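Peer 1: Here you go, target18.txt (compact mmCIF, N, CA and C atoms and all ligand atoms):
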# COMPACT_ATOMS: atom_id res chain seq x y z
N MET A 1 72.22 -33.95 -4.88
CA MET A 1 71.22 -34.20 -3.82
C MET A 1 71.57 -35.49 -3.08
N HIS A 2 71.73 -35.37 -1.81
CA HIS A 2 72.03 -36.47 -0.90
C HIS A 2 71.05 -37.65 -1.05
N GLU A 3 69.75 -37.34 -1.08
CA GLU A 3 68.72 -38.38 -1.13
C GLU A 3 68.77 -39.18 -2.43
N LEU A 4 69.21 -38.54 -3.51
CA LEU A 4 69.26 -39.21 -4.80
C LEU A 4 70.30 -40.34 -4.77
N SER A 5 71.42 -40.08 -4.12
CA SER A 5 72.44 -41.13 -4.06
C SER A 5 71.99 -42.25 -3.12
N ILE A 6 71.25 -41.90 -2.07
CA ILE A 6 70.70 -42.94 -1.19
C ILE A 6 69.70 -43.80 -1.97
N ALA A 7 68.84 -43.12 -2.76
CA ALA A 7 67.84 -43.84 -3.55
C ALA A 7 68.50 -44.80 -4.53
N THR A 8 69.59 -44.35 -5.16
CA THR A 8 70.33 -45.19 -6.10
C THR A 8 70.89 -46.42 -5.39
N HIS A 9 71.44 -46.18 -4.21
CA HIS A 9 72.03 -47.26 -3.43
C HIS A 9 70.95 -48.28 -3.02
N ILE A 10 69.81 -47.79 -2.57
CA ILE A 10 68.70 -48.66 -2.18
C ILE A 10 68.25 -49.51 -3.37
N LEU A 11 68.14 -48.86 -4.52
CA LEU A 11 67.71 -49.56 -5.73
C LEU A 11 68.69 -50.69 -6.08
N GLU A 12 69.97 -50.39 -6.01
CA GLU A 12 70.99 -51.39 -6.33
C GLU A 12 70.91 -52.59 -5.39
N LEU A 13 70.78 -52.29 -4.09
CA LEU A 13 70.69 -53.36 -3.09
C LEU A 13 69.44 -54.21 -3.32
N ALA A 14 68.32 -53.53 -3.58
CA ALA A 14 67.05 -54.24 -3.75
C ALA A 14 67.08 -55.11 -5.00
N GLU A 15 67.69 -54.59 -6.07
CA GLU A 15 67.79 -55.37 -7.31
C GLU A 15 68.65 -56.61 -7.10
N GLU A 16 69.70 -56.43 -6.35
CA GLU A 16 70.58 -57.55 -6.06
C GLU A 16 69.83 -58.64 -5.29
N GLU A 17 69.07 -58.21 -4.27
CA GLU A 17 68.27 -59.15 -3.47
C GLU A 17 67.25 -59.89 -4.34
N ALA A 18 66.56 -59.13 -5.20
CA ALA A 18 65.52 -59.70 -6.04
C ALA A 18 66.11 -60.71 -7.02
N ARG A 19 67.26 -60.37 -7.60
CA ARG A 19 67.92 -61.27 -8.55
C ARG A 19 68.33 -62.57 -7.87
N LYS A 20 68.87 -62.41 -6.66
CA LYS A 20 69.29 -63.58 -5.89
C LYS A 20 68.12 -64.52 -5.66
N ALA A 21 66.92 -63.93 -5.47
CA ALA A 21 65.72 -64.71 -5.20
C ALA A 21 65.06 -65.18 -6.50
N GLY A 22 65.66 -64.84 -7.64
CA GLY A 22 65.12 -65.26 -8.92
C GLY A 22 63.87 -64.50 -9.33
N CYS A 23 63.70 -63.30 -8.82
CA CYS A 23 62.52 -62.51 -9.13
C CYS A 23 62.81 -61.52 -10.26
N THR A 24 61.77 -61.06 -10.90
CA THR A 24 61.94 -60.12 -12.00
C THR A 24 61.35 -58.75 -11.70
N GLN A 25 60.56 -58.68 -10.63
CA GLN A 25 59.92 -57.41 -10.32
C GLN A 25 59.94 -57.17 -8.81
N ILE A 26 60.28 -55.94 -8.44
CA ILE A 26 60.29 -55.58 -7.03
C ILE A 26 58.97 -54.88 -6.70
N LEU A 27 58.30 -55.38 -5.66
CA LEU A 27 56.97 -54.87 -5.32
C LEU A 27 57.02 -53.85 -4.21
N ASP A 28 57.84 -54.12 -3.23
CA ASP A 28 57.85 -53.28 -2.04
C ASP A 28 59.22 -53.35 -1.36
N ILE A 29 59.69 -52.21 -0.90
CA ILE A 29 60.96 -52.17 -0.18
C ILE A 29 60.70 -51.53 1.18
N GLU A 30 61.05 -52.25 2.23
CA GLU A 30 60.85 -51.72 3.59
C GLU A 30 62.15 -51.13 4.10
N LEU A 31 62.05 -49.87 4.55
CA LEU A 31 63.23 -49.17 5.06
C LEU A 31 63.00 -48.71 6.49
N GLU A 32 64.10 -48.62 7.22
CA GLU A 32 64.07 -48.03 8.55
C GLU A 32 65.01 -46.85 8.52
N ILE A 33 64.47 -45.66 8.79
CA ILE A 33 65.30 -44.46 8.75
C ILE A 33 65.24 -43.76 10.10
N GLY A 34 66.40 -43.53 10.69
CA GLY A 34 66.46 -42.85 11.97
C GLY A 34 66.07 -41.39 11.85
N ALA A 35 65.44 -40.87 12.91
CA ALA A 35 65.02 -39.46 12.93
C ALA A 35 66.22 -38.52 12.84
N LEU A 36 67.41 -39.02 13.19
CA LEU A 36 68.61 -38.18 13.16
C LEU A 36 69.49 -38.47 11.94
N ALA A 37 69.00 -39.28 11.02
CA ALA A 37 69.82 -39.68 9.87
C ALA A 37 70.00 -38.55 8.87
N GLY A 38 69.21 -37.50 8.99
CA GLY A 38 69.34 -36.37 8.09
C GLY A 38 68.79 -36.65 6.71
N VAL A 39 67.83 -37.58 6.64
CA VAL A 39 67.25 -37.92 5.34
C VAL A 39 65.85 -37.29 5.23
N GLN A 40 65.65 -36.52 4.17
CA GLN A 40 64.32 -35.98 3.87
C GLN A 40 63.52 -37.08 3.19
N GLN A 41 62.48 -37.57 3.86
CA GLN A 41 61.77 -38.73 3.30
C GLN A 41 61.06 -38.39 2.00
N ASP A 42 60.52 -37.18 1.91
CA ASP A 42 59.86 -36.76 0.67
C ASP A 42 60.85 -36.79 -0.50
N ALA A 43 62.03 -36.24 -0.23
CA ALA A 43 63.06 -36.17 -1.26
C ALA A 43 63.52 -37.57 -1.65
N LEU A 44 63.57 -38.45 -0.67
CA LEU A 44 63.98 -39.83 -0.93
C LEU A 44 62.95 -40.54 -1.81
N LEU A 45 61.67 -40.37 -1.49
CA LEU A 45 60.60 -40.99 -2.28
C LEU A 45 60.64 -40.46 -3.71
N PHE A 46 60.82 -39.16 -3.83
CA PHE A 46 60.88 -38.51 -5.14
C PHE A 46 62.09 -39.03 -5.92
N GLY A 47 63.23 -39.09 -5.25
CA GLY A 47 64.46 -39.56 -5.88
C GLY A 47 64.35 -41.01 -6.32
N PHE A 48 63.68 -41.82 -5.48
CA PHE A 48 63.55 -43.23 -5.82
C PHE A 48 62.68 -43.42 -7.05
N GLU A 49 61.63 -42.61 -7.12
CA GLU A 49 60.75 -42.67 -8.29
C GLU A 49 61.55 -42.39 -9.56
N ALA A 50 62.47 -41.42 -9.45
CA ALA A 50 63.28 -41.04 -10.61
C ALA A 50 64.26 -42.14 -11.00
N VAL A 51 64.99 -42.68 -10.01
CA VAL A 51 66.04 -43.65 -10.35
C VAL A 51 65.48 -45.04 -10.69
N SER A 52 64.24 -45.32 -10.26
CA SER A 52 63.70 -46.66 -10.49
C SER A 52 62.98 -46.79 -11.82
N LYS A 53 62.87 -45.69 -12.56
CA LYS A 53 62.24 -45.74 -13.89
C LYS A 53 62.94 -46.77 -14.76
N ASN A 54 62.16 -47.60 -15.45
CA ASN A 54 62.69 -48.63 -16.35
C ASN A 54 63.58 -49.64 -15.64
N SER A 55 63.39 -49.79 -14.33
CA SER A 55 64.13 -50.81 -13.61
C SER A 55 63.15 -51.85 -13.10
N MET A 56 63.67 -52.88 -12.41
CA MET A 56 62.83 -53.90 -11.81
C MET A 56 61.89 -53.31 -10.75
N ALA A 57 62.26 -52.15 -10.26
CA ALA A 57 61.52 -51.55 -9.15
C ALA A 57 60.61 -50.41 -9.58
N GLU A 58 60.33 -50.35 -10.87
CA GLU A 58 59.53 -49.23 -11.36
C GLU A 58 58.17 -49.14 -10.65
N GLN A 59 57.59 -50.30 -10.33
CA GLN A 59 56.27 -50.32 -9.69
C GLN A 59 56.37 -50.43 -8.16
N ALA A 60 57.57 -50.45 -7.65
CA ALA A 60 57.75 -50.72 -6.22
C ALA A 60 57.34 -49.53 -5.35
N THR A 61 56.85 -49.84 -4.17
CA THR A 61 56.58 -48.80 -3.19
C THR A 61 57.64 -48.87 -2.09
N LEU A 62 57.98 -47.72 -1.56
CA LEU A 62 58.89 -47.67 -0.42
C LEU A 62 58.07 -47.53 0.84
N THR A 63 58.25 -48.45 1.76
CA THR A 63 57.59 -48.36 3.05
C THR A 63 58.64 -47.95 4.08
N ILE A 64 58.45 -46.76 4.65
CA ILE A 64 59.48 -46.22 5.54
C ILE A 64 59.00 -46.19 6.99
N THR A 65 59.76 -46.78 7.86
CA THR A 65 59.51 -46.68 9.29
C THR A 65 60.55 -45.75 9.89
N THR A 66 60.12 -44.78 10.66
CA THR A 66 61.05 -43.85 11.29
C THR A 66 61.43 -44.34 12.68
N THR A 67 62.73 -44.46 12.90
CA THR A 67 63.22 -44.84 14.22
C THR A 67 63.47 -43.57 15.02
N PRO A 68 62.90 -43.45 16.23
CA PRO A 68 63.12 -42.23 17.01
C PRO A 68 64.56 -42.11 17.50
N GLY A 69 65.00 -40.87 17.72
CA GLY A 69 66.34 -40.63 18.23
C GLY A 69 66.43 -40.92 19.72
N LEU A 70 67.55 -41.51 20.11
CA LEU A 70 67.75 -41.83 21.52
C LEU A 70 69.21 -41.51 21.87
N ALA A 71 69.39 -40.76 22.96
CA ALA A 71 70.75 -40.39 23.37
C ALA A 71 71.01 -40.86 24.79
N LYS A 72 72.30 -41.07 25.09
CA LYS A 72 72.68 -41.44 26.45
C LYS A 72 73.56 -40.34 27.02
N CYS A 73 73.12 -39.80 28.13
CA CYS A 73 73.82 -38.68 28.75
C CYS A 73 75.20 -39.10 29.25
N SER A 74 76.20 -38.24 28.95
CA SER A 74 77.56 -38.54 29.42
C SER A 74 77.74 -38.14 30.88
N GLY A 75 76.82 -37.32 31.39
CA GLY A 75 76.92 -36.88 32.78
C GLY A 75 76.28 -37.86 33.74
N CYS A 76 75.02 -38.21 33.49
CA CYS A 76 74.30 -39.04 34.47
C CYS A 76 73.88 -40.39 33.92
N ASN A 77 74.31 -40.70 32.69
CA ASN A 77 74.10 -42.03 32.12
C ASN A 77 72.65 -42.40 31.80
N VAL A 78 71.77 -41.41 31.81
CA VAL A 78 70.37 -41.68 31.52
C VAL A 78 70.14 -41.62 30.01
N SER A 79 69.32 -42.53 29.50
CA SER A 79 68.94 -42.47 28.10
C SER A 79 67.68 -41.64 27.94
N PHE A 80 67.64 -40.79 26.92
CA PHE A 80 66.47 -39.94 26.72
C PHE A 80 66.24 -39.71 25.23
N PRO A 81 64.97 -39.47 24.85
CA PRO A 81 64.68 -39.26 23.43
C PRO A 81 65.11 -37.88 22.96
N VAL A 82 65.63 -37.80 21.74
CA VAL A 82 66.04 -36.51 21.17
C VAL A 82 65.51 -36.36 19.75
N GLN A 83 65.27 -35.10 19.38
CA GLN A 83 64.86 -34.79 18.01
C GLN A 83 66.05 -34.26 17.21
N SER A 84 67.09 -33.84 17.93
CA SER A 84 68.27 -33.31 17.25
C SER A 84 69.50 -33.68 18.07
N PHE A 85 70.69 -33.36 17.51
CA PHE A 85 71.94 -33.71 18.20
C PHE A 85 72.25 -32.78 19.36
N PHE A 86 71.54 -31.68 19.45
CA PHE A 86 71.94 -30.63 20.40
C PHE A 86 70.94 -30.42 21.52
N GLU A 87 70.30 -31.48 21.93
CA GLU A 87 69.35 -31.35 23.04
C GLU A 87 70.03 -31.69 24.36
N PRO A 88 69.78 -30.86 25.37
CA PRO A 88 70.39 -31.14 26.68
C PRO A 88 69.68 -32.30 27.38
N CYS A 89 70.40 -32.94 28.28
CA CYS A 89 69.82 -34.01 29.08
C CYS A 89 68.69 -33.44 29.94
N PRO A 90 67.52 -34.06 29.97
CA PRO A 90 66.41 -33.54 30.76
C PRO A 90 66.64 -33.67 32.27
N HIS A 91 67.64 -34.45 32.66
CA HIS A 91 67.88 -34.67 34.09
C HIS A 91 68.96 -33.75 34.64
N CYS A 92 70.07 -33.59 33.90
CA CYS A 92 71.17 -32.79 34.44
C CYS A 92 71.56 -31.64 33.50
N ALA A 93 70.86 -31.50 32.36
CA ALA A 93 71.02 -30.38 31.44
C ALA A 93 72.36 -30.33 30.71
N THR A 94 73.17 -31.37 30.84
CA THR A 94 74.42 -31.36 30.08
C THR A 94 74.13 -31.63 28.60
N LEU A 95 75.00 -31.07 27.75
CA LEU A 95 74.81 -31.25 26.31
C LEU A 95 75.65 -32.42 25.78
N LEU A 96 76.43 -33.01 26.66
CA LEU A 96 77.30 -34.11 26.22
C LEU A 96 76.55 -35.43 26.30
N HIS A 97 76.41 -36.06 25.15
CA HIS A 97 75.78 -37.37 25.14
C HIS A 97 76.22 -38.15 23.91
N THR A 98 76.00 -39.44 23.93
CA THR A 98 76.25 -40.25 22.74
C THR A 98 74.92 -40.71 22.18
N ILE A 99 74.84 -40.70 20.86
CA ILE A 99 73.60 -41.14 20.21
C ILE A 99 73.55 -42.66 20.20
N GLU A 100 72.48 -43.19 20.74
CA GLU A 100 72.33 -44.65 20.80
C GLU A 100 71.49 -45.16 19.64
N GLN A 101 70.58 -44.34 19.17
CA GLN A 101 69.68 -44.78 18.13
C GLN A 101 69.17 -43.57 17.35
N GLY A 102 68.88 -43.76 16.08
CA GLY A 102 68.28 -42.68 15.30
C GLY A 102 69.12 -42.23 14.12
N GLU A 103 70.35 -42.76 14.01
CA GLU A 103 71.20 -42.36 12.88
C GLU A 103 71.18 -43.40 11.76
N GLU A 104 70.42 -44.49 11.96
CA GLU A 104 70.52 -45.59 11.01
C GLU A 104 69.68 -45.40 9.76
N LEU A 105 70.11 -46.07 8.74
CA LEU A 105 69.37 -46.13 7.48
C LEU A 105 69.51 -47.58 7.03
N ARG A 106 68.43 -48.32 7.18
CA ARG A 106 68.52 -49.77 6.96
C ARG A 106 67.46 -50.23 5.96
N MET A 107 67.83 -51.17 5.12
CA MET A 107 66.85 -51.82 4.29
C MET A 107 66.42 -53.08 5.04
N VAL A 108 65.16 -53.11 5.45
CA VAL A 108 64.67 -54.20 6.30
C VAL A 108 64.25 -55.40 5.47
N ALA A 109 63.53 -55.15 4.38
CA ALA A 109 63.03 -56.26 3.57
C ALA A 109 62.76 -55.80 2.15
N VAL A 110 62.88 -56.75 1.23
CA VAL A 110 62.53 -56.52 -0.17
C VAL A 110 61.49 -57.56 -0.55
N HIS A 111 60.34 -57.10 -1.00
CA HIS A 111 59.33 -58.04 -1.47
C HIS A 111 59.32 -58.00 -2.99
N ALA A 112 59.58 -59.14 -3.57
CA ALA A 112 59.67 -59.19 -5.03
C ALA A 112 58.88 -60.37 -5.57
N GLY A 113 58.56 -60.29 -6.82
CA GLY A 113 57.78 -61.36 -7.44
C GLY A 113 58.34 -61.73 -8.81
ZN ZN B 201 72.21 -36.18 32.32
Could you spell out this file's structure in structure tokens?
Peer 2:
Amino acid sequence: MHELSIATHILELAEEEARKAGCTQILDIELEIGALAGVQQDALLFGFEAVSKNSMAEQATLTITTTPGLAKCSGCNVSFPVQSFFEPCPHCATLLHTIEQGEELRMVAVHAG
């Protein structure tokens, strides 16, 4: 499962941050996940619960902010919001565009005590 490996990675990063800060318990992890990142948030939450058992983050909550998808048209250079990679430009209907935003998966903050 894709989300399980992401959850493991998040846990490792958060533990590293908490240790650096001299903390023993992770309370909250803030994440930013793009709408086009292909991450099932339910699966991620479930996976995190599984991998964080008996860790510093056992009691931690994941706070997820979804970043909307944004594409830039290769035909007319207009930026427009997208829900998927295959949406045509609303101005000139071309399917060629570059994704400007929405593919990211970022750990924004770790709150630990
Ligand atoms: Zn266009």
Peer 1: Tell me, as an MDAnalysis selection string, which residues lie within 7 Å of Arg106 (chain A), counting all atoms listed in the file; anything in the same chain fewer than 5 positions away does not count.
Peer 2: chainID A and resid 30:34
Peer 1: Quick check, in Å to one decimal: how far apart do atom C of Gly75 (chain A) and CA of Leu105 (chain A) lie?
Peer 2: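 So the two atoms, atom C of Gly75 (chain A) and CA of Leu105 (chain A), lie 28.4 Å apart.
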Peer 1: Kindly provide, as a list in words, all nucleotide and amino acid residues lying within 6.5 Å of ligand ZN 201 (chain B), counting all atoms listed in the file.
Peer 2: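 Counting only what the definition allows, namely all atoms listed in the file, the set is Cys73, Ser74, Gly75, Cys76, Asn77, Val78, Cys89, Pro90, His91, Cys92, Ala93 and Thr94 of chain A.
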Peer 1: Name the closest residue to Gly22 (chain A) among the candidates A:His97, A:Thr66, A:Met56, A:Phe80; distances are taken between atoms, counting only C-alpha atoms.
Peer 2: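 The shortest atom-to-atom distance to Gly22 (chain A) comes from A:Met56.
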Peer 1: In Å, how far is it from CA of Thr24 (chain A) to atom C of Phe48 (chain A)?
Peer 2: 17.4 Å
Peer 1: For Gly113 (chain A), which residue among A:Ile26, A:Ala57, A:Asp42, A:Leu36 is the nearest when counting only N, CA and C atoms?
Peer 2: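 Selected residue with least distance to Gly113 (chain A): A:Ile26.
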Peer 1: Would you give me, as a ChimeraX atom specification, the residues in chain A that DSSP reads as alpha helix (DSSP H)?
Peer 2: /A:2-20,41-51
Peer 1: With only C-alpha atoms as the counted atoms, please give the residues lying no more than 10 Å from Phe46 (chain A), apart from itself and same-chain residues fewer than 4 positions off, as an MDAnalysis selection string.
Peer 2: chainID A and resid 3:4 7 40:42 50:51
Peer 1: Could you tell me how far CA of Ala35 (chain A) sits from CA of Ala18 (chain A), in Å to one decimal place?
Peer 2: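 Result for CA of Ala18 (chain A) versus CA of Ala35 (chain A): 27.7 Å, one decimal.
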Peer 1: Kindly extract all protein, DNA and RNA residues lying within 10 Å of the coordinates (66.1, -51.4, -5.1) given in the file, considering only C-alpha atoms, and supply them as a PDB file with N, CA and C atoms, in the coordinates of the input.
Peer 2:
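Once written, result_26.pdb looks like this:
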ATOM      1  N   ALA A   7      68.840 -43.120  -2.760  1.00  0.00           N
ATOM      2  CA  ALA A   7      67.840 -43.840  -3.550  1.00  0.00           C
ATOM      3  C   ALA A   7      68.500 -44.800  -4.530  1.00  0.00           C
ATOM      4  N   THR A   8      69.590 -44.350  -5.160  1.00  0.00           N
ATOM      5  CA  THR A   8      70.330 -45.190  -6.100  1.00  0.00           C
ATOM      6  C   THR A   8      70.890 -46.420  -5.390  1.00  0.00           C
ATOM      7  N   HIS A   9      71.440 -46.180  -4.210  1.00  0.00           N
ATOM      8  CA  HIS A   9      72.030 -47.260  -3.430  1.00  0.00           C
ATOM      9  C   HIS A   9      70.950 -48.280  -3.020  1.00  0.00           C
ATOM     10  N   ILE A  10      69.810 -47.790  -2.570  1.00  0.00           N
ATOM     11  CA  ILE A  10      68.700 -48.660  -2.180  1.00  0.00           C
ATOM     12  C   ILE A  10      68.250 -49.510  -3.370  1.00  0.00           C
ATOM     13  N   LEU A  11      68.140 -48.860  -4.520  1.00  0.00           N
ATOM     14  CA  LEU A  11      67.710 -49.560  -5.730  1.00  0.00           C
ATOM     15  C   LEU A  11      68.690 -50.690  -6.080  1.00  0.00           C
ATOM     16  N   GLU A  12      69.970 -50.390  -6.010  1.00  0.00           N
ATOM     17  CA  GLU A  12      70.990 -51.390  -6.330  1.00  0.00           C
ATOM     18  C   GLU A  12      70.910 -52.590  -5.390  1.00  0.00           C
ATOM     19  N   LEU A  13      70.780 -52.290  -4.090  1.00  0.00           N
ATOM     20  CA  LEU A  13      70.690 -53.360  -3.090  1.00  0.00           C
ATOM     21  C   LEU A  13      69.440 -54.210  -3.320  1.00  0.00           C
ATOM     22  N   ALA A  14      68.320 -53.530  -3.580  1.00  0.00           N
ATOM     23  CA  ALA A  14      67.050 -54.240  -3.750  1.00  0.00           C
ATOM     24  C   ALA A  14      67.080 -55.110  -5.000  1.00  0.00           C
ATOM     25  N   GLU A  15      67.690 -54.590  -6.070  1.00  0.00           N
ATOM     26  CA  GLU A  15      67.790 -55.370  -7.310  1.00  0.00           C
ATOM     27  C   GLU A  15      68.650 -56.610  -7.100  1.00  0.00           C
ATOM     28  N   GLU A  16      69.700 -56.430  -6.350  1.00  0.00           N
ATOM     29  CA  GLU A  16      70.580 -57.550  -6.060  1.00  0.00           C
ATOM     30  C   GLU A  16      69.830 -58.640  -5.290  1.00  0.00           C
ATOM     31  N   GLU A  17      69.070 -58.210  -4.270  1.00  0.00           N
ATOM     32  CA  GLU A  17      68.270 -59.150  -3.470  1.00  0.00           C
ATOM     33  C   GLU A  17      67.250 -59.890  -4.340  1.00  0.00           C
ATOM     34  N   ALA A  18      66.560 -59.130  -5.200  1.00  0.00           N
ATOM     35  CA  ALA A  18      65.520 -59.700  -6.040  1.00  0.00           C
ATOM     36  C   ALA A  18      66.110 -60.710  -7.020  1.00  0.00           C
ATOM     37  N   ILE A  26      60.280 -55.940  -8.440  1.00  0.00           N
ATOM     38  CA  ILE A  26      60.290 -55.580  -7.030  1.00  0.00           C
ATOM     39  C   ILE A  26      58.970 -54.880  -6.700  1.00  0.00           C
ATOM     40  N   LEU A  27      58.300 -55.380  -5.660  1.00  0.00           N
ATOM     41  CA  LEU A  27      56.970 -54.870  -5.320  1.00  0.00           C
ATOM     42  C   LEU A  27      57.020 -53.850  -4.210  1.00  0.00           C
ATOM     43  N   ASP A  28      57.840 -54.120  -3.230  1.00  0.00           N
ATOM     44  CA  ASP A  28      57.850 -53.280  -2.040  1.00  0.00           C
ATOM     45  C   ASP A  28      59.220 -53.350  -1.360  1.00  0.00           C
ATOM     46  N   ILE A  29      59.690 -52.210  -0.900  1.00  0.00           N
ATOM     47  CA  ILE A  29      60.960 -52.170  -0.180  1.00  0.00           C
ATOM     48  C   ILE A  29      60.700 -51.530   1.180  1.00  0.00           C
ATOM     49  N   PHE A  48      63.680 -41.820  -5.480  1.00  0.00           N
ATOM     50  CA  PHE A  48      63.550 -43.230  -5.820  1.00  0.00           C
ATOM     51  C   PHE A  48      62.680 -43.420  -7.050  1.00  0.00           C
ATOM     52  N   VAL A  51      64.990 -42.680 -10.010  1.00  0.00           N
ATOM     53  CA  VAL A  51      66.040 -43.650 -10.350  1.00  0.00           C
ATOM     54  C   VAL A  51      65.480 -45.040 -10.690  1.00  0.00           C
ATOM     55  N   SER A  52      64.240 -45.320 -10.260  1.00  0.00           N
ATOM     56  CA  SER A  52      63.700 -46.660 -10.490  1.00  0.00           C
ATOM     57  C   SER A  52      62.980 -46.790 -11.820  1.00  0.00           C
ATOM     58  N   SER A  55      63.390 -49.790 -14.330  1.00  0.00           N
ATOM     59  CA  SER A  55      64.130 -50.810 -13.610  1.00  0.00           C
ATOM     60  C   SER A  55      63.150 -51.850 -13.100  1.00  0.00           C
ATOM     61  N   MET A  56      63.670 -52.880 -12.410  1.00  0.00           N
ATOM     62  CA  MET A  56      62.830 -53.900 -11.810  1.00  0.00           C
ATOM     63  C   MET A  56      61.890 -53.310 -10.750  1.00  0.00           C
ATOM     64  N   ALA A  57      62.260 -52.150 -10.260  1.00  0.00           N
ATOM     65  CA  ALA A  57      61.520 -51.550  -9.150  1.00  0.00           C
ATOM     66  C   ALA A  57      60.610 -50.410  -9.580  1.00  0.00           C
ATOM     67  N   GLU A  58      60.330 -50.350 -10.870  1.00  0.00           N
ATOM     68  CA  GLU A  58      59.530 -49.230 -11.360  1.00  0.00           C
ATOM     69  C   GLU A  58      58.170 -49.140 -10.650  1.00  0.00           C
ATOM     70  N   ALA A  60      57.570 -50.450  -7.650  1.00  0.00           N
ATOM     71  CA  ALA A  60      57.750 -50.720  -6.220  1.00  0.00           C
ATOM     72  C   ALA A  60      57.340 -49.530  -5.350  1.00  0.00           C
ATOM     73  N   LEU A  62      57.980 -47.720  -1.560  1.00  0.00           N
ATOM     74  CA  LEU A  62      58.890 -47.670  -0.420  1.00  0.00           C
ATOM     75  C   LEU A  62      58.070 -47.530   0.840  1.00  0.00           C
ATOM     76  N   MET A 107      67.830 -51.170   5.120  1.00  0.00           N
ATOM     77  CA  MET A 107      66.850 -51.820   4.290  1.00  0.00           C
ATOM     78  C   MET A 107      66.420 -53.080   5.040  1.00  0.00           C
ATOM     79  N   VAL A 110      62.880 -56.750   1.230  1.00  0.00           N
ATOM     80  CA  VAL A 110      62.530 -56.520  -0.170  1.00  0.00           C
ATOM     81  C   VAL A 110      61.490 -57.560  -0.550  1.00  0.00           C
TER      82      VAL A 110
END
Peer 1: Rank A:Leu96, A:Ala112, A:Glu87, A:Glu103 by their smallest atom-to-atom distance to Cys23 (chain A), using only N, CA and C atoms, and report the top residue only.
Peer 2: A:Ala112
